[in-house]
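Pasting work_11.txt here (compact mmCIF, C-alpha atoms):
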# COMPACT_ATOMS: atom_id res chain seq x y z
CA MET A 1 -20.02 -45.51 6.30
CA LYS A 2 -20.44 -46.92 2.78
CA LYS A 3 -21.22 -43.44 1.49
CA LEU A 4 -18.14 -42.04 3.23
CA VAL A 5 -15.95 -44.74 1.75
CA ALA A 6 -17.41 -44.06 -1.69
CA VAL A 7 -16.73 -40.33 -1.38
CA LEU A 8 -13.17 -40.94 -0.21
CA ALA A 9 -12.60 -43.41 -3.03
CA ALA A 10 -13.93 -40.96 -5.60
CA GLY A 11 -11.66 -38.26 -4.21
CA LEU A 12 -8.64 -40.52 -4.33
CA SER A 13 -9.54 -41.59 -7.85
CA PHE A 14 -9.86 -37.97 -8.99
CA ALA A 15 -6.52 -37.12 -7.38
CA ALA A 16 -4.88 -40.09 -9.09
CA VAL A 17 -6.27 -39.10 -12.48
CA ALA A 18 -5.17 -35.49 -11.96
CA SER A 19 -1.70 -36.71 -11.00
CA VAL A 20 -1.43 -38.87 -14.11
CA GLN A 21 -2.67 -36.02 -16.33
CA ALA A 22 -0.15 -33.62 -14.79
CA GLN A 23 2.67 -36.09 -15.40
CA THR A 24 1.76 -36.56 -19.07
CA PHE A 25 0.89 -32.91 -19.76
CA PRO A 26 0.82 -31.85 -22.48
CA ASP A 27 -0.14 -34.71 -24.78
CA ARG A 28 -2.10 -32.64 -27.32
CA ASN A 29 -2.38 -29.12 -28.67
CA ILE A 30 -2.94 -26.18 -26.30
CA THR A 31 -5.19 -23.24 -27.17
CA VAL A 32 -4.42 -19.70 -26.01
CA VAL A 33 -7.43 -17.43 -26.23
CA VAL A 34 -6.75 -13.81 -27.21
CA PRO A 35 -9.82 -11.80 -26.15
CA PHE A 36 -9.44 -9.36 -29.05
CA ALA A 37 -9.58 -9.40 -32.85
CA ALA A 38 -6.76 -10.84 -34.93
CA GLY A 39 -4.10 -8.40 -36.04
CA GLY A 40 -4.05 -6.34 -32.85
CA PRO A 41 -1.10 -5.86 -30.50
CA THR A 42 -2.13 -8.51 -27.97
CA ASP A 43 -2.61 -10.96 -30.83
CA THR A 44 0.91 -10.17 -32.07
CA VAL A 45 2.45 -10.69 -28.62
CA THR A 46 0.54 -13.94 -28.13
CA ARG A 47 1.57 -15.47 -31.44
CA LEU A 48 5.26 -14.79 -30.77
CA VAL A 49 5.06 -16.33 -27.29
CA ALA A 50 2.90 -19.26 -28.42
CA GLU A 51 5.38 -20.22 -31.11
CA ALA A 52 8.25 -20.20 -28.63
CA MET A 53 6.30 -22.10 -25.95
CA SER A 54 5.47 -24.80 -28.50
CA LYS A 55 9.16 -25.64 -28.78
CA ASP A 56 9.53 -26.14 -25.03
CA LEU A 57 6.26 -28.03 -24.51
CA GLY A 58 6.62 -30.33 -27.51
CA GLN A 59 3.03 -29.61 -28.56
CA GLN A 60 1.52 -26.95 -30.78
CA VAL A 61 0.22 -23.87 -28.97
CA ILE A 62 -2.65 -22.52 -31.07
CA VAL A 63 -3.99 -18.96 -30.86
CA GLU A 64 -7.77 -18.39 -30.98
CA ASN A 65 -9.27 -14.90 -31.17
CA VAL A 66 -12.45 -14.44 -29.15
CA GLY A 67 -13.11 -10.70 -29.27
CA GLY A 68 -15.89 -8.56 -27.87
CA ALA A 69 -16.95 -6.60 -24.79
CA GLY A 70 -13.50 -5.21 -24.09
CA GLY A 71 -11.93 -8.63 -23.71
CA THR A 72 -14.46 -9.97 -21.20
CA LEU A 73 -16.05 -12.50 -23.58
CA GLY A 74 -12.76 -14.28 -24.18
CA ALA A 75 -11.83 -14.12 -20.50
CA GLY A 76 -15.22 -15.56 -19.55
CA ARG A 77 -14.78 -18.40 -21.98
CA VAL A 78 -11.47 -19.41 -20.41
CA ALA A 79 -12.88 -19.03 -16.88
CA ASP A 80 -15.55 -21.62 -17.82
CA ALA A 81 -13.14 -23.98 -19.60
CA ASP A 82 -11.98 -27.32 -18.19
CA PRO A 83 -9.09 -26.67 -15.76
CA ASP A 84 -6.71 -29.06 -17.52
CA GLY A 85 -4.17 -26.60 -18.91
CA TYR A 86 -5.30 -26.97 -22.53
CA THR A 87 -7.23 -23.69 -22.67
CA LEU A 88 -5.35 -20.57 -21.60
CA LEU A 89 -5.90 -16.81 -21.71
CA LEU A 90 -3.40 -14.12 -22.67
CA HIS A 91 -4.88 -10.77 -21.64
CA HIS A 92 -3.53 -7.29 -21.09
CA ILE A 93 -4.20 -4.44 -18.64
CA GLY A 94 -7.91 -4.80 -19.47
CA MET A 95 -7.96 -7.83 -17.17
CA ALA A 96 -7.61 -5.39 -14.26
CA THR A 97 -9.71 -2.50 -15.53
CA SER A 98 -12.69 -4.65 -16.56
CA ALA A 99 -13.19 -5.56 -12.89
CA THR A 100 -14.41 -1.98 -12.37
CA LEU A 101 -15.52 -0.97 -15.87
CA TYR A 102 -18.13 -3.73 -16.16
CA ARG A 103 -20.99 -3.77 -13.69
CA LYS A 104 -21.71 -7.44 -14.35
CA LEU A 105 -19.00 -9.92 -15.22
CA SER A 106 -19.58 -13.64 -15.70
CA TYR A 107 -16.46 -14.36 -13.65
CA ASP A 108 -14.66 -13.15 -10.54
CA THR A 109 -11.49 -11.55 -11.93
CA LEU A 110 -9.18 -12.37 -9.03
CA ASN A 111 -10.56 -15.81 -8.19
CA ALA A 112 -11.66 -17.37 -11.48
CA PHE A 113 -8.15 -18.05 -12.77
CA ASP A 114 -4.85 -19.64 -11.93
CA TYR A 115 -1.83 -17.51 -12.78
CA ILE A 116 1.05 -18.47 -15.06
CA GLY A 117 3.12 -15.29 -15.36
CA LEU A 118 3.67 -11.81 -16.75
CA VAL A 119 4.70 -11.66 -20.41
CA THR A 120 5.62 -8.09 -21.32
CA GLU A 121 4.76 -4.44 -20.76
CA VAL A 122 4.24 -2.48 -23.95
CA PRO A 123 4.49 1.33 -24.28
CA MET A 124 1.75 3.14 -26.18
CA THR A 125 1.93 5.76 -28.90
CA LEU A 126 -0.35 8.69 -29.67
CA VAL A 127 -0.94 8.48 -33.42
CA ALA A 128 -3.19 9.96 -36.12
CA ARG A 129 -4.13 9.52 -39.75
CA LYS A 130 -1.18 10.58 -41.88
CA ASP A 131 -2.91 13.65 -43.34
CA LEU A 132 -4.12 15.13 -40.05
CA GLU A 133 -3.07 18.78 -39.99
CA PRO A 134 -1.09 19.08 -36.68
CA THR A 135 2.62 18.29 -36.96
CA ASP A 136 3.57 18.11 -33.26
CA LEU A 137 1.96 17.51 -29.88
CA LYS A 138 1.37 21.18 -29.11
CA SER A 139 -0.48 21.81 -32.36
CA LEU A 140 -2.41 18.55 -31.93
CA VAL A 141 -3.72 19.67 -28.54
CA GLU A 142 -4.72 23.05 -29.96
CA TYR A 143 -6.39 21.38 -32.94
CA ALA A 144 -8.30 18.94 -30.72
CA LYS A 145 -9.57 21.70 -28.44
CA THR A 146 -10.65 23.86 -31.38
CA ASN A 147 -12.40 20.99 -33.20
CA LYS A 148 -13.59 18.94 -30.22
CA ASP A 149 -17.01 18.24 -31.75
CA THR A 150 -15.58 16.65 -34.88
CA VAL A 151 -12.21 15.13 -33.90
CA THR A 152 -12.63 11.35 -33.62
CA VAL A 153 -10.65 9.08 -31.31
CA ALA A 154 -10.69 5.39 -32.21
CA ASN A 155 -10.34 2.57 -29.69
CA ALA A 156 -10.63 -1.22 -29.57
CA GLY A 157 -13.75 -1.16 -27.39
CA ILE A 158 -14.72 -0.22 -23.85
CA GLY A 159 -12.06 -1.36 -21.41
CA ALA A 160 -9.40 -1.89 -24.08
CA ALA A 161 -5.99 -0.32 -23.55
CA SER A 162 -6.62 2.09 -26.41
CA HIS A 163 -9.85 3.18 -24.70
CA LEU A 164 -8.08 3.83 -21.40
CA CYS A 165 -5.24 5.73 -23.10
CA GLY A 166 -7.74 7.77 -25.09
CA MET A 167 -9.58 8.69 -21.90
CA MET A 168 -6.28 9.69 -20.33
CA PHE A 169 -5.46 11.92 -23.31
CA MET A 170 -8.85 13.67 -23.16
CA SER A 171 -8.44 14.13 -19.41
CA ALA A 172 -4.93 15.51 -19.86
CA ILE A 173 -6.11 18.18 -22.31
CA ASP A 174 -9.39 18.69 -20.41
CA THR A 175 -11.42 18.23 -23.58
CA SER A 176 -14.01 15.61 -24.55
CA LEU A 177 -13.63 14.33 -28.12
CA VAL A 178 -15.78 12.03 -30.27
CA THR A 179 -15.04 8.43 -29.24
CA VAL A 180 -15.37 5.69 -31.89
CA PRO A 181 -15.22 2.15 -30.45
CA TYR A 182 -14.34 -0.89 -32.57
CA LYS A 183 -14.34 -4.65 -31.96
CA GLY A 184 -10.57 -4.77 -31.70
CA THR A 185 -7.46 -2.73 -32.47
CA GLY A 186 -7.04 -4.36 -35.89
CA PRO A 187 -10.27 -2.87 -37.33
CA ALA A 188 -9.54 0.46 -35.61
CA MET A 189 -6.08 0.63 -37.19
CA THR A 190 -7.55 -0.24 -40.59
CA ASP A 191 -9.86 2.77 -40.40
CA LEU A 192 -7.05 5.02 -39.14
CA LEU A 193 -4.94 3.97 -42.12
CA GLY A 194 -7.89 4.66 -44.37
CA GLY A 195 -8.48 8.10 -42.89
CA GLN A 196 -11.94 7.29 -41.50
CA VAL A 197 -10.90 8.33 -37.96
CA ASP A 198 -8.46 10.98 -36.74
CA ILE A 199 -6.57 9.83 -33.63
CA MET A 200 -5.79 6.65 -31.75
CA CYS A 201 -3.65 5.76 -28.74
CA ASP A 202 -2.22 2.30 -29.35
CA GLN A 203 0.57 -0.04 -28.38
CA THR A 204 3.95 0.07 -30.10
CA THR A 205 3.44 -3.57 -31.10
CA ASN A 206 0.67 -2.38 -33.42
CA THR A 207 1.99 1.01 -34.51
CA THR A 208 5.77 0.78 -34.92
CA SER A 209 5.79 -0.60 -38.47
CA GLN A 210 3.03 1.79 -39.54
CA ILE A 211 4.92 4.78 -38.09
CA LYS A 212 8.22 3.78 -39.70
CA SER A 213 6.55 3.32 -43.08
CA GLY A 214 4.91 6.76 -42.86
CA LYS A 215 1.39 5.34 -43.09
CA ILE A 216 0.33 7.11 -39.89
CA LYS A 217 1.53 10.21 -38.03
CA ALA A 218 2.97 9.87 -34.50
CA TYR A 219 3.16 12.48 -31.73
CA GLY A 220 4.83 10.66 -28.84
CA VAL A 221 5.15 7.63 -26.56
CA THR A 222 3.61 7.01 -23.14
CA SER A 223 6.71 5.48 -21.56
CA LYS A 224 9.01 7.19 -19.06
CA THR A 225 11.93 7.05 -21.48
CA PRO A 226 12.23 7.04 -25.29
CA VAL A 227 11.50 3.78 -27.09
CA PRO A 228 14.65 2.43 -28.85
CA SER A 229 12.73 1.33 -31.94
CA LEU A 230 11.20 4.83 -32.27
CA PRO A 231 14.07 7.08 -31.13
CA ASN A 232 12.71 10.25 -32.74
CA LEU A 233 9.39 10.17 -30.90
CA PRO A 234 9.22 12.39 -27.80
CA VAL A 235 8.05 11.16 -24.41
CA LEU A 236 4.58 12.65 -23.98
CA ALA A 237 5.14 13.35 -20.28
CA ASN A 238 8.09 15.57 -21.22
CA ALA A 239 6.51 17.17 -24.28
CA GLY A 240 3.53 18.90 -22.72
CA LEU A 241 1.38 16.23 -21.08
CA PRO A 242 2.79 15.82 -17.52
CA ASN A 243 2.28 12.42 -15.89
CA PHE A 244 0.95 10.95 -19.14
CA GLU A 245 2.45 7.52 -18.58
CA VAL A 246 0.78 4.20 -19.24
CA GLY A 247 2.14 0.79 -20.16
CA VAL A 248 0.11 -2.17 -21.33
CA TRP A 249 1.21 -5.26 -19.45
CA HIS A 250 0.21 -8.77 -20.54
CA GLY A 251 -0.29 -11.89 -18.46
CA LEU A 252 -0.97 -15.57 -19.10
CA TYR A 253 -3.79 -17.32 -17.18
CA ALA A 254 -5.42 -20.74 -16.82
CA PRO A 255 -8.88 -21.67 -15.48
CA LYS A 256 -9.12 -21.94 -11.70
CA GLY A 257 -8.43 -25.46 -10.47
CA THR A 258 -5.71 -26.31 -12.99
CA PRO A 259 -3.32 -28.81 -11.34
CA LYS A 260 -0.30 -27.10 -9.81
CA ALA A 261 2.10 -29.35 -11.71
CA THR A 262 0.45 -28.28 -14.97
CA VAL A 263 0.65 -24.60 -14.01
CA ASP A 264 4.32 -25.07 -13.16
CA THR A 265 4.96 -26.72 -16.54
CA LEU A 266 3.28 -23.84 -18.35
CA SER A 267 5.09 -21.23 -16.28
CA ASN A 268 8.44 -22.89 -16.99
CA ALA A 269 7.60 -22.92 -20.71
CA LEU A 270 6.67 -19.24 -20.58
CA ARG A 271 9.99 -18.33 -18.97
CA ALA A 272 11.84 -20.38 -21.59
CA ALA A 273 9.93 -18.55 -24.34
CA LEU A 274 10.80 -15.15 -22.90
CA ARG A 275 14.48 -16.13 -22.86
CA ASP A 276 14.32 -17.09 -26.54
CA PRO A 277 16.64 -14.70 -28.48
CA ASN A 278 14.19 -14.57 -31.38
CA VAL A 279 11.35 -13.50 -29.08
CA ALA A 280 13.55 -10.81 -27.53
CA LYS A 281 14.53 -9.52 -30.98
CA ARG A 282 10.97 -9.50 -32.30
CA PHE A 283 9.72 -7.76 -29.16
CA ASN A 284 12.48 -5.16 -29.49
CA ASP A 285 11.49 -4.53 -33.12
CA LEU A 286 7.97 -3.84 -31.85
CA GLY A 287 9.11 -1.38 -29.19
CA THR A 288 8.94 -3.63 -26.14
CA GLU A 289 10.86 -6.39 -24.35
CA PRO A 290 10.02 -9.65 -22.55
CA SER A 291 9.24 -9.53 -18.85
CA PRO A 292 12.17 -10.56 -16.64
CA THR A 293 11.99 -14.23 -15.73
CA SER A 294 11.46 -13.22 -12.10
CA GLN A 295 8.14 -11.67 -13.21
CA ALA A 296 7.05 -14.56 -15.41
CA THR A 297 5.74 -16.44 -12.38
CA PRO A 298 2.30 -17.15 -10.92
CA GLU A 299 3.04 -15.14 -7.78
CA ALA A 300 4.24 -12.06 -9.68
CA LEU A 301 1.19 -12.01 -11.97
CA ARG A 302 -1.25 -12.49 -9.09
CA THR A 303 0.32 -9.61 -7.14
CA HIS A 304 0.45 -7.33 -10.19
CA LEU A 305 -3.18 -7.94 -11.13
CA LYS A 306 -4.37 -7.07 -7.63
CA GLN A 307 -2.26 -3.90 -7.60
CA GLN A 308 -3.60 -2.84 -11.00
CA ILE A 309 -7.23 -3.38 -9.98
CA ASP A 310 -6.61 -1.19 -6.93
CA LEU A 311 -4.89 1.46 -9.11
CA TRP A 312 -7.42 1.75 -11.93
CA GLY A 313 -10.60 1.23 -9.92
CA PRO A 314 -10.74 4.76 -8.43
CA ILE A 315 -9.73 6.35 -11.77
CA ILE A 316 -12.54 4.61 -13.64
CA LYS A 317 -15.10 5.40 -10.94
CA LYS A 318 -14.11 9.06 -10.95
CA ALA A 319 -14.49 9.23 -14.73
CA GLY A 320 -17.87 7.47 -14.52
CA ALA A 321 -16.78 5.12 -17.31
CA PHE A 322 -18.89 2.01 -16.86
CA ALA A 323 -20.31 -0.60 -19.20
CA ASP A 324 -23.17 -3.05 -18.72
Could you render the structure as structure tokens?
Amino acid sequence: MKKLVAVLAAGLSFAAVASVQAQTFPDRNITVVVPFAAGGPTDTVTRLVAEAMSKDLGQQVIVENVGGAGGTLGAGRVADADPDGYTLLLHHIGMATSATLYRKLSYDTLNAFDYIGLVTEVPMTLVARKDLEPTDLKSLVEYAKTNKDTVTVANAGIGAASHLCGMMFMSAIDTSLVTVPYKGTGPAMTDLLGGQVDIMCDQTTNTTSQIKSGKIKAYGVTSKTPVPSLPNLPVLANAGLPNFEVGVWHGLYAPKGTPKATVDTLSNALRAALRDPNVAKRFNDLGTEPSPTSQATPEALRTHLKQQIDLWGPIIKKAGAFAD
């Protein structure tokens, strides 16, 4: 009986502490882990959202880059963090694809996190070093097929959005090219700008300014409709690559067991950030837009993640694209 009373008392004490913490949250800085290198598209999205969330929460939201293993190292770190709302994860479509791509993960993708909400869905662009010979999509496909043993395709690492888009491009033209993985989109873009690699498929958040400045060559976008910030770029699905459509969605997560009141506070702050006119403008400049507030919810993100795992799982298995 004494043991039972002690257990009940401990449980009540823990619940009381959790309640107090939830009521005072946040009372210090919050860290959002980006599971990729600094300077990449997910990093850009995160920093815009973090700055806006800081205003609503009254505490600084700090971005920390923990790259490696296609985003799984950073995700694993957040999965193991204290579930107090002070360590979060902002991840993209790789959150869903890594569940199949990686044979051994240190966390259970669907069950290791609490969900805060969807952030945005970013179109991708098929780009190349500025001095690559082809001038349009048709000539690019012909060039790639003719020089398949030497044409290099950069990506941000296995499981990254750029890797998935690159695989889709090679599948669409039925030609295997030389894949060059990096530890993030930032380093990959640096080498593309420097002419060390030929082609990359990357998000508009990382390519728009480079395309507009003429530092890289662009062949099209992966969205269903033209991107307002890049009106002269054709839609790849309409320009010779049928069904070539992929968007890179981003979601915000917390470690499993985070108090519901804390999750609600964070979700409310996320929705406020996505309504911020400055965030909307900056996103638009980068070729994307904030998720509707109806999607910036725990329920919407949980549902979307499950759907995306079910969608990409068979595609990855068919391609035999696995990582240890």
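Taking only C-alpha atoms into account, the protein, DNA and RNA residues within 12 Å of (-14.3, -9.8, -6.3) read Ala96, Ser98, Ala99, Thr100, Arg103, Lys104, Leu105, Ser106, Tyr107, Asp108, Thr109, Leu110, Asn111, Ala112, Lys306, Ile309 and Asp310 of chain A.
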Contacts of segment 257-259 of chain A at 6 Å (all atoms listed in the file; same-chain gap of 2+ positions) as a PDB file with C-alpha atoms, keeping the file's coordinate frame:
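Contents of out-v3.pdb, as written:
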ATOM      1  CA  PRO A  83      -9.090 -26.670 -15.760  1.00  0.00           C
ATOM      2  CA  ASP A  84      -6.710 -29.060 -17.520  1.00  0.00           C
ATOM      3  CA  ALA A 261       2.100 -29.350 -11.710  1.00  0.00           C
ATOM      4  CA  THR A 262       0.450 -28.280 -14.970  1.00  0.00           C
TER       5      THR A 262
END
Mind checking which residues fall within 10 Å of Gln60 of chain A, counting all atoms listed in the file, ignoring those fewer than 4 positions away in the same chain, and posting them as a ChimeraX atom specification?
/A:26-31,50-56
All residues 8 Å or closer to segment 288-303 of chain A, only C-alpha atoms, same chain fewer than 6 positions away omitted, as a PyMOL selection string
chain A and resi 110+114-123+204-205+227+251+267+270-271+274-275+279-280
Find the nearest atom pair between each residue of segment 210-296 of chain A and segment 136-153 of chain A for residues within 8 Å, count only C-alpha atoms, give distances in Å to one decimal, sort rows by chain and ascending number, and present the table as a tab-separated table.
residue	atom	partner	partner_atom	distance
A:Tyr219	CA	A:Leu137	CA	5.5
A:Gly220	CA	A:Leu137	CA	7.5
A:Ala239	CA	A:Leu137	CA	7.2
A:Gly240	CA	A:Lys138	CA	7.1
Would you work out the distance separating atom CA of Ser162 of chain A from atom CA of Asp276 of chain A, expressed in Å to one decimal?
28.4 Å
With only C-alpha atoms counted, which protein, DNA or RNA residues have an atom no more than 7 Å from (-13.7, -14.8, -25.0) in the file frame? Please answer as a list in words.
Val33, Pro35, Val66, Gly67, Gly71, Thr72, Leu73, Gly74, Ala75, Gly76, Arg77 and Val78 of chain A
Take the selection from the previous step and output its residues with C-alpha atoms, as a PDB file, keeping the file's coordinate frame.
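Result saved to out29.pdb:
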ATOM      1  CA  VAL A  33      -7.430 -17.430 -26.230  1.00  0.00           C
ATOM      2  CA  PRO A  35      -9.820 -11.800 -26.150  1.00  0.00           C
ATOM      3  CA  VAL A  66     -12.450 -14.440 -29.150  1.00  0.00           C
ATOM      4  CA  GLY A  67     -13.110 -10.700 -29.270  1.00  0.00           C
ATOM      5  CA  GLY A  71     -11.930  -8.630 -23.710  1.00  0.00           C
ATOM      6  CA  THR A  72     -14.460  -9.970 -21.200  1.00  0.00           C
ATOM      7  CA  LEU A  73     -16.050 -12.500 -23.580  1.00  0.00           C
ATOM      8  CA  GLY A  74     -12.760 -14.280 -24.180  1.00  0.00           C
ATOM      9  CA  ALA A  75     -11.830 -14.120 -20.500  1.00  0.00           C
ATOM     10  CA  GLY A  76     -15.220 -15.560 -19.550  1.00  0.00           C
ATOM     11  CA  ARG A  77     -14.780 -18.400 -21.980  1.00  0.00           C
ATOM     12  CA  VAL A  78     -11.470 -19.410 -20.410  1.00  0.00           C
TER      13      VAL A  78
END
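The two atoms in question, atom CA of Cys165 of chain A and atom CA of Gly40 of chain A, are spaced 15.6 Å apart.
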Non-local contacts of Gly313 of chain A (12 Å; all atoms listed in the file; under 6 positions in same chain excluded) as a list of chain:residue names
A:Gly94, A:Met95, A:Ala96, A:Thr97, A:Ser98, A:Ala99, A:Thr100, A:Leu101, A:Tyr102, A:Gly159, A:Leu305, A:Lys306, A:Gln307, A:Ala319, A:Gly320, A:Ala321, A:Phe322
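Atom CA of Pro226 of chain A lies 22.2 Å from atom CA of Met170 of chain A.
Distance check against Gln210 of chain A using only C-alpha atoms: of A:Lys317, A:His304, A:Lys130, A:His91, the minimum falls on A:Lys130.
Taking all atoms listed in the file into account, Leu193 of chain A lies nearest to A:Ser213 out of the set A:Ala37, A:Gly166, A:Ser213, A:Ser229.
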